[in-house]
Amino acid sequence: MDILIDSVKVIGRIVTILPFLLFLGLYMGKRSIGELPVFDFLVILVLGAVVGADIADPKINHIHTVVAMIAIAFLQKLVVYLKLKNRKIGRLLTFEPTIVLYKGEFLTENMKSVNYSIDNVLQMLREKEVFQAADVEVAIVEANGRLSVNLRPDKQPVRLSDMNITGKEAEFEIPVILDGQIQNEALKKLKKDKEWLVKQLKDKDKQITDESDIFYAGVNLKGDLNLTIKGRIKPDVPPIFH
């Protein structure tokens with residue numbers, strides 16, 4: 001009987017704590033999830049430990065876990081605020097950018113200071129589509145551990161401005177249907193309505209009877225429509241396997 005009661009408690013804690021954890025993640029902002037500098041990484045580790053202990057051990061008082069999570073979130077927000085207000089505090093709480101490659105030569109002492117091996121740097125260069133160290137003007141390990149690379153001038157891709165060519169306006173799609181649901185706010189931004197969208201769908205494919213048939217529909221600034229219809233299989237997908 002005790003096992004059953006404890007199991008119900010664990011399930012109840014999962015149901016209540018995960019939505020609350022999601023709320024805290026949104027409250028702390030994209031930065032703490034997307035970049036993961038050292039302090040934010042520690043915050044996530046501590047949050048994971050607190051939540052994991054709460055879920056795994058029914059004897060832990062649930063309210064104490066909630067209080068700890070709120071305190072951690074507020075502390076993270078406070079530290080971010082202090083870092084924005086005072087650069088010295090920011091430097092104390094994160095790593096400085098470190099140059100690991102300059103004019104094609106590896107700076108071994110700098111690499112040692114951030115515990116990066118030659119293999120680490122070469123892999124990160126390849127991920128940036130750089131396959132020759134000699135092509136690099138400067139490569140910097142940022143505070144979040146990622147590598148920023150600037151190529152030598154003669155190895156950089158040609159830009160339109162280099163050829164005195166005026167570039168066209170950037171093109172992008174705005175999703176107007178997602179999994180059968182019309183995105184009314186997006187249509188308003190485009191100054192379109194549902195009637196216009198339905199007509200475009202019918203013109204695009206006569207077999208479409210309703211927006212629920214559409215998995216994805218995106219409209220660019222020219223009004224061109226891109227569709228993915230639910231259940232439709234494309235015959236020409238290349239056979240790429242892991």
# chains A, B, ... in the order shown; residues from 1 in each chain; ligands from 1
$ select_by_dssp --residues "stretch 60-221 of chain A" --states "helix (DSSP H, G or I)" --output "PyMOL selection string"
chain A and resi 62-85+87-92+108-113+118-127+133-135+153-155+160-163+184-189+194-204+211-213
$ residues_around --residues "A:Ala139" --least-positions-apart "5" --cutoff "8 Å" --atoms "only C-alpha atoms" --output "list in words"
Ile99, Val100, Leu101, Tyr102, Leu147, Ser148, Val149 and Asn150 of chain A
$ write_last_selection --atoms "C-alpha atoms" --output "mmCIF file, in the first residue's frame"
data_model
loop_
_atom_site.group_PDB
_atom_site.id
_atom_site.type_symbol
_atom_site.label_atom_id
_atom_site.label_comp_id
_atom_site.auth_asym_id
_atom_site.auth_seq_id
_atom_site.Cartn_x
_atom_site.Cartn_y
_atom_site.Cartn_z
ATOM 1 C CA ILE A 99 41.838 33.631 -29.254
ATOM 2 C CA VAL A 100 42.995 30.103 -30.138
ATOM 3 C CA LEU A 101 44.049 30.614 -33.762
ATOM 4 C CA TYR A 102 45.603 33.705 -35.315
ATOM 5 C CA LEU A 147 33.973 29.054 -31.833
ATOM 6 C CA SER A 148 33.775 32.293 -33.835
ATOM 7 C CA VAL A 149 35.851 32.321 -37.021
ATOM 8 C CA ASN A 150 36.959 35.149 -39.299
#
$ residues_around --residues "A:Lys230" --least-positions-apart "5" --cutoff "10 Å" --atoms "only C-alpha atoms" --output "ChimeraX atom specification"
/A:179-180,212-216
$ select_by_dssp --residues "stretch 46-227 of chain A" --states "strand (DSSP E or B)" --output "ChimeraX atom specification"
/A:98-102,105-106,136-141,147-151,173-178,181-182,214-220,225-227
$ write_last_selection --atoms "C-alpha atoms" --output "PDB file, in the first residue's frame"
ATOM      1  CA  THR A  98      39.981  33.508 -25.923  1.00  0.00           C
ATOM      2  CA  ILE A  99      41.838  33.631 -29.254  1.00  0.00           C
ATOM      3  CA  VAL A 100      42.995  30.103 -30.138  1.00  0.00           C
ATOM      4  CA  LEU A 101      44.049  30.614 -33.762  1.00  0.00           C
ATOM      5  CA  TYR A 102      45.603  33.705 -35.315  1.00  0.00           C
ATOM      6  CA  GLU A 105      48.793  29.544 -36.276  1.00  0.00           C
ATOM      7  CA  PHE A 106      47.390  27.852 -33.178  1.00  0.00           C
ATOM      8  CA  VAL A 136      41.829  31.586 -40.714  1.00  0.00           C
ATOM      9  CA  GLU A 137      42.622  35.167 -39.741  1.00  0.00           C
ATOM     10  CA  VAL A 138      41.351  34.745 -36.187  1.00  0.00           C
ATOM     11  CA  ALA A 139      39.329  32.115 -34.296  1.00  0.00           C
ATOM     12  CA  ILE A 140      37.893  32.898 -30.863  1.00  0.00           C
ATOM     13  CA  VAL A 141      36.415  30.596 -28.217  1.00  0.00           C
ATOM     14  CA  LEU A 147      33.973  29.054 -31.833  1.00  0.00           C
ATOM     15  CA  SER A 148      33.775  32.293 -33.835  1.00  0.00           C
ATOM     16  CA  VAL A 149      35.851  32.321 -37.021  1.00  0.00           C
ATOM     17  CA  ASN A 150      36.959  35.149 -39.299  1.00  0.00           C
ATOM     18  CA  LEU A 151      38.691  34.071 -42.502  1.00  0.00           C
ATOM     19  CA  GLU A 173       8.074  32.781 -45.511  1.00  0.00           C
ATOM     20  CA  ILE A 174       5.479  33.596 -42.903  1.00  0.00           C
ATOM     21  CA  PRO A 175       3.587  30.478 -41.718  1.00  0.00           C
ATOM     22  CA  VAL A 176      -0.173  30.930 -42.277  1.00  0.00           C
ATOM     23  CA  ILE A 177      -1.249  27.322 -41.630  1.00  0.00           C
ATOM     24  CA  LEU A 178       0.374  25.020 -39.089  1.00  0.00           C
ATOM     25  CA  GLN A 181      -4.753  25.515 -38.074  1.00  0.00           C
ATOM     26  CA  ILE A 182      -4.978  28.914 -39.783  1.00  0.00           C
ATOM     27  CA  ILE A 214      -2.624  21.262 -44.897  1.00  0.00           C
ATOM     28  CA  PHE A 215       0.310  20.403 -42.676  1.00  0.00           C
ATOM     29  CA  TYR A 216       2.168  23.614 -43.487  1.00  0.00           C
ATOM     30  CA  ALA A 217       1.500  26.683 -45.604  1.00  0.00           C
ATOM     31  CA  GLY A 218       3.842  29.650 -45.808  1.00  0.00           C
ATOM     32  CA  VAL A 219       3.502  32.897 -47.731  1.00  0.00           C
ATOM     33  CA  ASN A 220       6.426  35.112 -48.742  1.00  0.00           C
ATOM     34  CA  LEU A 225       2.373  30.110 -51.371  1.00  0.00           C
ATOM     35  CA  ASN A 226       4.435  27.085 -50.278  1.00  0.00           C
ATOM     36  CA  LEU A 227       2.457  23.999 -49.226  1.00  0.00           C
TER      37      LEU A 227
END
